[in-house]
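What follows is a set of notes on a single structure, which appears directly below.
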Number of protein chains: 2
Amino acid sequence: MVKITFPDNQVREYQEGITGIDIAKSLSNSLAKEVVAVTVNGEIWDSTRVINTDASIKLHKFDDKEGKHAFWHSSAHLMAEALELLYPGIRFGIGPAIENGFYYDVDPGDGVVITEGDLPKIEQKMKELVAQKSQYLREDISKAEVLDYFKKKGEVYKVELISELEDGTITLYKQGNFTDLCRGPHLPDTGHIKAIKLLSIAGAYWRGDEKRKQLTRIYGITFPKQAMLDEYLELLEQAKARDHRKIGKELELFMFSAKVGQGLPLWLPKGTALRERLQDFLKKVQKRYGYDLVMTPHIGHKDLYVTSGHYEKYGKDSFQPIKTPQEGEEFMLKPMNCPHHCEMYKGKPRSYKDLPVRFAEFGTVYRYEQSGELHGLTRVRGFTQDDAHIFCRPDQLKDEFKKVIDIILYIFKTLDFPDFTTQVSLRDKVNREKYIGTDENWEKAERAIIEAADEKGLKTIVEYGEAAFYGPKLDFMVKDAIGRSWQLGTIQVDYNLPERFELEYTGSDDLKHRPVMIHRAPFGSMERFVAVLIEHTAGKFPLWLTPDQAIILPISEKYHEYAEKVLKFLNNYDIRTLIDTRAEKIGKKIRDAELKRIPYLVIVGEKEAGDGTISVRKQGVGDQGTMKAEEFIQIVNKEVQDQTAELQ
Amino acid sequence: MVKITFPDNQVREYQEGITGIDIAKSLSNSLAKEVVAVTVNGEIWDSTRVINTDASIKLHKFDDKEGKHAFWHSSAHLMAEALELLYPGIRFGIGPAIENGFYYDVDPGDGVVITEGDLPKIEQKMKELVAQKSQYLREDISKAEVLDYFKKKGEVYKVELISELEDGTITLYKQGNFTDLCRGPHLPDTGHIKAIKLLSIAGAYWRGDEKRKQLTRIYGITFPKQAMLDEYLELLEQAKARDHRKIGKELELFMFSAKVGQGLPLWLPKGTALRERLQDFLKKVQKRYGYDLVMTPHIGHKDLYVTSGHYEKYGKDSFQPIKTPQEGEEFMLKPMNCPHHCEMYKGKPRSYKDLPVRFAEFGTVYRYEQSGELHGLTRVRGFTQDDAHIFCRPDQLKDEFKKVIDIILYIFKTLDFPDFTTQVSLRDKVNREKYIGTDENWEKAERAIIEAADEKGLKTIVEYGEAAFYGPKLDFMVKDAIGRSWQLGTIQVDYNLPERFELEYTGSDDLKHRPVMIHRAPFGSMERFVAVLIEHTAGKFPLWLTPDQAIILPISEKYHEYAEKVLKFLNNYDIRTLIDTRAEKIGKKIRDAELKRIPYLVIVGEKEAGDGTISVRKQGVGDQGTMKAEEFIQIVNKEVQDQTAELQ
């Protein structure tokens, strides 16, 4: 018999040779149908692999990250099988699961081209193979045998990969007539894959090296139910319409320039004004919570990063150091603001009465990302963190943590993200060598976070082993209007930097003590947050935040003079107002204003000019009637006040 | 006879062999006594040097930059003569005139040390030599002879310098028993030097190379009148008390850290708040003048600077390029914001109706300065320009120029710099090859600047040949409270970048045209401006700007509770208020608050706590009486409103 420990610490005994699926069946048949993988003693396994020792296990369904991975990885193998049937002689590169779906890089052979028009045919073949319910079979064989197999098959890419592996046993997976080099895990059989959609085709250099052959990358996604696929495709459509790159361009919020450099956003006037409003909002909140705004340079001397420990981690994949005329002198583009803030903390002696010290900075940092990884404002090479570092006494940690949670919750509320989840990342339960700081401090900090989250009513997922080596943390993930999750704010405890920078305060005992540091960024970065906000609101920002609050649409040129008068009046009252004096019909003007997502349309014609009034339409709501401009100003101000009520 | 042309274009005839002094005498004897040098056909000469050809001349008195230079350079020679008499065997390095006075680097010989205690003795000897009224005599001799002379004298440093000169004739100057290698010009005789003060001694490596011998650098200053020296020394004392580095530290406005790097300021909370208020002030003014705030990254791809032309000027004395994992890819720390703004202008098609486009940015730029050149916030390696670039049609240039002048004048007025001068820098009258752009455009631009300055009532000095190669400019120099001049705002016309970036707009003629660009920065940089403001106000900032507006001083601990109540009340009304709850006597608390330059002291004791009132003292003014906190808030708000009246 083997003892199987479940995630809730229950223990049950089973026969040796039992599998994940068997265990699931012992709990319920419906569960067994859904299980696609199993974690055994921290390793992810096929649900059909036999367990011969005592083990702690976790069963994975498609809902899990691990379940999706196995599902989509198996789907990549399935697609490969279909491709081999349709394109004999095709050779395979790599075919991983990705965040949403999977891809396979393939070389169809000289003169053979696979285009998007071929995707339905490949999907069809995959469906036929699904009907065969072929099992995914795992096999451990020697490197020599594997090499021999792939060489005979002419799989030059696989042969190259295998040659670089260590000698010993290598794992293959086989389903139907297709065999692949793979670590697994996989589904029990292809029958699980009920819904298939191949999405797109792109070119991809073999091993990301532009000097090597360009392979054909085929992207796809699969689901255990057709309804799930339908829902996903619908989401994809919605996401396309909300793409922040598209809307950012339409609303002239930001741009990129090849000459300035990829991944380096240029904030256009309307985007800058929006960002300033967001920053002002945060500044107000932070001031209320006792933060001090500071400003530090965007570079730092090598010594700073030697002390912080970042220097040795600055690899070849980073922005390289900036040399100067002085021999041996080096500066780095700052990848984070904390080392600068530590030096600021050290700038004068601190007493226990001075703590907590809270330095906030809208600090622009630079991190090199591969050009293929760059994406609009969400993956950039330069971004501005809404950063702050709190230096506090250990006994203040929980209270400070709670205050940071308050700020984040307040921000989510004001910016209308009602749906969010939180994750507490703690040390590994067993393997604890890599963590710095005393056990006592870690326990204190972990307890502080858990209690703080609890007292603030957060429903947290606790993940062991996910803490950074220098401290535990709390992450916030928000759901946007179409249900997608975005990682935003983080609160991170840090024992490492205070140690490395030898930060101190004088305690009430007149002795020197080490403060604890908290890193926190509610938005994460201004760039990322604005991207999320655009995709969440589809560019229809709340009135207080939106670049243009109103646009005046004169019915014809006759009313331009009156329209200009209204414009001046509204702008004088700080209502951000545009005017459309083009020689277009009013219907066209209204449609264009909707495209610009301007909340209020102010229409003026004969009646209005005669009465000294304006006609107001609200986007997505409709006609608001005719009124005096003063009344409209009150309506706008009231709406703005309601949206930012707690800040007034 | 030779024709002598004066700066006012008057021409007079003189005998050949006339000197500057003779010409001065022909105008007035009192002038002749004051003339210390003369510019002859653009070259600065001794006033005693004979003129044998037609020439345009300008006579220099001590007031002139050129006059001071000759005066102080002659004083350096005088000090050298005194040193040689006091320290036989002393060897000389270089001894130039500097911005204020002069220095000489000397090697007193093995075992001989010159200290500050020796300065009076050297001064005394200089005065004796002045009494001799020795003439400064100029001599042109061959390099071989000069080398021979200095070799014999054991002047190893001079020998090294001479060896590096081109073969041919070399100029020596001799006064009394001292001969020096020198290009001149010099005073007629030592008798002009009526007032002498040697200021300090420092170590200086020979040729700035720390691997070579450290020489002794002796600093001094001299004047034609004792009263001028007394005034200068008084100014020096005042300047010391106003030093922004000292006050910046006392008021905790900014700091430097060796680890972050020299010349890279860290803005502390109070300094950041002050800077934010200044920026907000500028943002408001600029918004009123139709500027759009933008934000751009602090680095740019090499291509950007190849286009702008900066790349080829990026020498070994700059921050070096930032390499990346991608071969051949290079980024530069941005030394200015204009190339980024040009790319932004290019971001969409522009019509003549869209112009002017005005992009403003508080853009932090980085320029490498030698560590010896760094000085507080006035000479730094990273600074934030209050920058803007205006893209306009040629016909809009003058009007735009006038608007920029308005902004600068408004800023000077609000920040209390009533005393300023302006300089228009135009092309050289003759030598015009180096300037880019058509003659027509240059004339238009030069006329626009002169007329704009004129119409705005500015008294400008016009300097020919001081324009940048890409356009004329207007500079503003302010005088601070103790009469020192600081270069602040600049307005610069630019035809070059629009050309290099191929910027365009569609004219009313439907053809493509090139816009003109104006660079402007009223403050110059936030760092420099804050430094000037500190030295101008001695840290006593205007109430609207000052970090802390009031401090509450409870008479004793009994009134702490009441004091805290007042504090909360004032802070609620956005009066920036501190509290001093230390167990100190009230007299000490008042003195410390004065040191912190806090404008209002709010004293609370038995009477105030009983009556629910506060007693108010104003710094530099005195007792303001006892009043309700509400009344005090009104006083503060009124004062702030008056200071920023036109902005409300």
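Lettering and numbering for the structure tokens are positional, with chains as A, B, ... in the shown order, residues counted from 1 in each chain, and ligands counted from 1 in the shown order.
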Tell me the residues of chain B close to chain A, meaning within 7 Å using only C-alpha atoms, as a ChimeraX atom specification.
/B:257,259-261,264-269,272,292-297,300-301,303-304,316-325,340,343,382
Would you write out those residues with N, CA and C atoms, as a short mmCIF file (atom, residue, chain, number, x, y, z; two decimals), in the first residue's frame?
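part_18.cif, freshly written:
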data_model
loop_
_atom_site.label_atom_id
_atom_site.label_comp_id
_atom_site.auth_asym_id
_atom_site.auth_seq_id
_atom_site.Cartn_x
_atom_site.Cartn_y
_atom_site.Cartn_z
N SER B 257 24.85 61.30 -3.34
CA SER B 257 25.37 60.05 -2.78
C SER B 257 26.47 59.56 -3.70
N LYS B 259 27.51 56.67 -4.03
CA LYS B 259 27.12 55.40 -4.66
C LYS B 259 26.21 55.61 -5.86
N VAL B 260 25.30 56.56 -5.76
CA VAL B 260 24.43 56.88 -6.90
C VAL B 260 25.27 57.53 -7.99
N GLY B 261 26.24 58.34 -7.56
CA GLY B 261 27.15 58.96 -8.52
C GLY B 261 27.21 60.46 -8.32
N LEU B 264 24.68 63.70 -9.55
CA LEU B 264 23.34 63.16 -9.81
C LEU B 264 22.48 63.45 -8.58
N PRO B 265 21.75 64.56 -8.59
CA PRO B 265 21.02 64.95 -7.39
C PRO B 265 19.88 64.01 -7.03
N LEU B 266 19.72 63.78 -5.74
CA LEU B 266 18.57 63.06 -5.21
C LEU B 266 17.68 64.12 -4.55
N TRP B 267 16.47 64.26 -5.04
CA TRP B 267 15.56 65.27 -4.51
C TRP B 267 14.83 64.71 -3.30
N LEU B 268 15.12 65.28 -2.13
CA LEU B 268 14.50 64.83 -0.89
C LEU B 268 13.04 65.32 -0.83
N PRO B 269 12.25 64.81 0.10
CA PRO B 269 10.82 65.15 0.11
C PRO B 269 10.53 66.66 0.02
N THR B 272 11.52 67.95 -3.39
CA THR B 272 10.60 67.47 -4.42
C THR B 272 9.30 68.26 -4.39
N ASP B 292 1.25 71.91 -24.98
CA ASP B 292 0.82 70.55 -24.66
C ASP B 292 1.96 69.83 -23.94
N LEU B 293 1.67 69.33 -22.76
CA LEU B 293 2.68 68.57 -22.03
C LEU B 293 2.82 67.18 -22.65
N VAL B 294 4.06 66.73 -22.82
CA VAL B 294 4.32 65.37 -23.33
C VAL B 294 5.38 64.71 -22.46
N MET B 295 5.56 63.40 -22.65
CA MET B 295 6.60 62.68 -21.92
C MET B 295 7.32 61.74 -22.88
N THR B 296 8.64 61.77 -22.83
CA THR B 296 9.41 60.91 -23.72
C THR B 296 10.49 60.18 -22.91
N PRO B 297 10.98 59.07 -23.44
CA PRO B 297 11.97 58.29 -22.68
C PRO B 297 13.31 59.01 -22.51
N GLY B 300 17.49 57.11 -26.33
CA GLY B 300 17.05 57.10 -27.71
C GLY B 300 18.00 56.21 -28.51
N HIS B 301 17.45 55.59 -29.55
CA HIS B 301 18.25 54.71 -30.40
C HIS B 301 19.29 55.55 -31.14
N ASP B 303 20.01 55.67 -34.11
CA ASP B 303 19.46 56.26 -35.35
C ASP B 303 18.91 57.66 -35.12
N LEU B 304 18.32 57.86 -33.94
CA LEU B 304 17.72 59.17 -33.63
C LEU B 304 18.80 60.24 -33.64
N LYS B 316 34.55 61.28 -26.90
CA LYS B 316 35.05 60.46 -25.80
C LYS B 316 34.74 61.10 -24.45
N ASP B 317 34.43 62.40 -24.48
CA ASP B 317 34.17 63.09 -23.22
C ASP B 317 32.69 63.05 -22.83
N SER B 318 31.91 62.17 -23.47
CA SER B 318 30.47 62.06 -23.16
C SER B 318 30.19 60.73 -22.46
N PHE B 319 28.96 60.60 -21.93
CA PHE B 319 28.49 59.28 -21.53
C PHE B 319 28.54 58.41 -22.79
N GLN B 320 29.06 57.21 -22.68
CA GLN B 320 29.21 56.36 -23.85
C GLN B 320 27.90 55.62 -24.17
N PRO B 321 27.77 55.16 -25.43
CA PRO B 321 26.51 54.51 -25.82
C PRO B 321 26.21 53.25 -25.00
N ILE B 322 24.93 52.95 -24.92
CA ILE B 322 24.46 51.77 -24.18
C ILE B 322 24.25 50.65 -25.18
N LYS B 323 25.05 49.62 -25.07
CA LYS B 323 24.89 48.49 -25.98
C LYS B 323 23.81 47.55 -25.44
N THR B 324 23.32 46.69 -26.32
CA THR B 324 22.27 45.75 -25.92
C THR B 324 22.64 44.36 -26.41
N PRO B 325 21.83 43.35 -26.02
CA PRO B 325 22.14 41.99 -26.48
C PRO B 325 22.14 41.90 -28.01
N HIS B 340 13.45 63.77 -29.72
CA HIS B 340 12.23 63.04 -29.38
C HIS B 340 10.99 63.82 -29.82
N GLU B 343 10.32 63.62 -33.52
CA GLU B 343 9.67 62.37 -33.91
C GLU B 343 8.18 62.41 -33.59
N GLY B 382 23.04 65.17 -14.45
CA GLY B 382 21.66 64.86 -14.84
C GLY B 382 20.78 66.01 -14.39
#
Within 10 Å of A:Phe632, counting only C-alpha atoms, which residues qualify if same-chain residues fewer than 4 places away don't, as a PyMOL selection string?
chain A and resi 570+575+600+602+613-616+624+626-628+636-638
DSSP on the backbone: what in stretch 146-220 of chain A comes out helix (DSSP H, G or I), as an NGL selection string?
:A and (146-153 or 156-163 or 190-192 or 206-208)
Which residues come within 10 Å of B:Pro349, counting only C-alpha atoms, excluding same-chain residues fewer than 3 positions away, as a ChimeraX atom specification?
/B:345-346,354,503-506
Please identify all polymer residues within 10 Å of A:Ala24, counting only C-alpha atoms, omitting same-chain residues fewer than 3 positions from it, and present them as a VMD selection string.
chain A and resid 19 to 21 27 to 35 38 47 59 to 60
Now that the selection is made, can you save its residues with N, CA and C atoms as a short mmCIF file (atom, residue, chain, number, x, y, z; two decimals), in the first residue's frame?
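Output (result_13.cif):
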data_model
loop_
_atom_site.label_atom_id
_atom_site.label_comp_id
_atom_site.auth_asym_id
_atom_site.auth_seq_id
_atom_site.Cartn_x
_atom_site.Cartn_y
_atom_site.Cartn_z
N THR A 19 -2.83 5.11 -10.30
CA THR A 19 -2.55 6.31 -11.11
C THR A 19 -3.41 7.47 -10.61
N GLY A 20 -3.10 8.65 -11.12
CA GLY A 20 -3.88 9.83 -10.75
C GLY A 20 -5.35 9.65 -11.08
N ILE A 21 -5.58 9.13 -12.29
CA ILE A 21 -6.96 8.89 -12.71
C ILE A 21 -7.66 7.93 -11.75
N LEU A 27 -12.62 9.00 -5.87
CA LEU A 27 -13.33 10.13 -5.25
C LEU A 27 -14.68 10.35 -5.94
N SER A 28 -14.65 10.42 -7.29
CA SER A 28 -15.92 10.50 -8.03
C SER A 28 -15.65 10.28 -9.51
N ASN A 29 -16.59 9.65 -10.19
CA ASN A 29 -16.41 9.35 -11.61
C ASN A 29 -16.36 10.61 -12.46
N SER A 30 -17.19 11.59 -12.07
CA SER A 30 -17.22 12.82 -12.87
C SER A 30 -15.88 13.54 -12.75
N LEU A 31 -15.29 13.51 -11.56
CA LEU A 31 -13.97 14.12 -11.39
C LEU A 31 -12.97 13.44 -12.31
N ALA A 32 -13.00 12.09 -12.33
CA ALA A 32 -12.03 11.33 -13.10
C ALA A 32 -12.06 11.73 -14.57
N LYS A 33 -13.27 12.05 -15.05
CA LYS A 33 -13.39 12.43 -16.46
C LYS A 33 -12.69 13.75 -16.75
N GLU A 34 -12.60 14.57 -15.71
CA GLU A 34 -12.05 15.91 -15.93
C GLU A 34 -10.56 16.01 -15.64
N VAL A 35 -10.01 15.02 -14.93
CA VAL A 35 -8.61 15.13 -14.55
C VAL A 35 -7.70 14.95 -15.76
N VAL A 38 -1.59 15.35 -12.96
CA VAL A 38 -1.51 15.24 -11.50
C VAL A 38 -0.11 15.65 -11.03
N SER A 47 -1.70 11.80 -15.82
CA SER A 47 -2.66 11.26 -14.85
C SER A 47 -2.72 9.74 -14.93
N LEU A 59 -4.61 16.84 -7.92
CA LEU A 59 -5.21 16.51 -9.22
C LEU A 59 -5.51 17.79 -10.00
N HIS A 60 -5.22 17.80 -11.29
CA HIS A 60 -5.46 19.00 -12.09
C HIS A 60 -6.54 18.78 -13.13
#
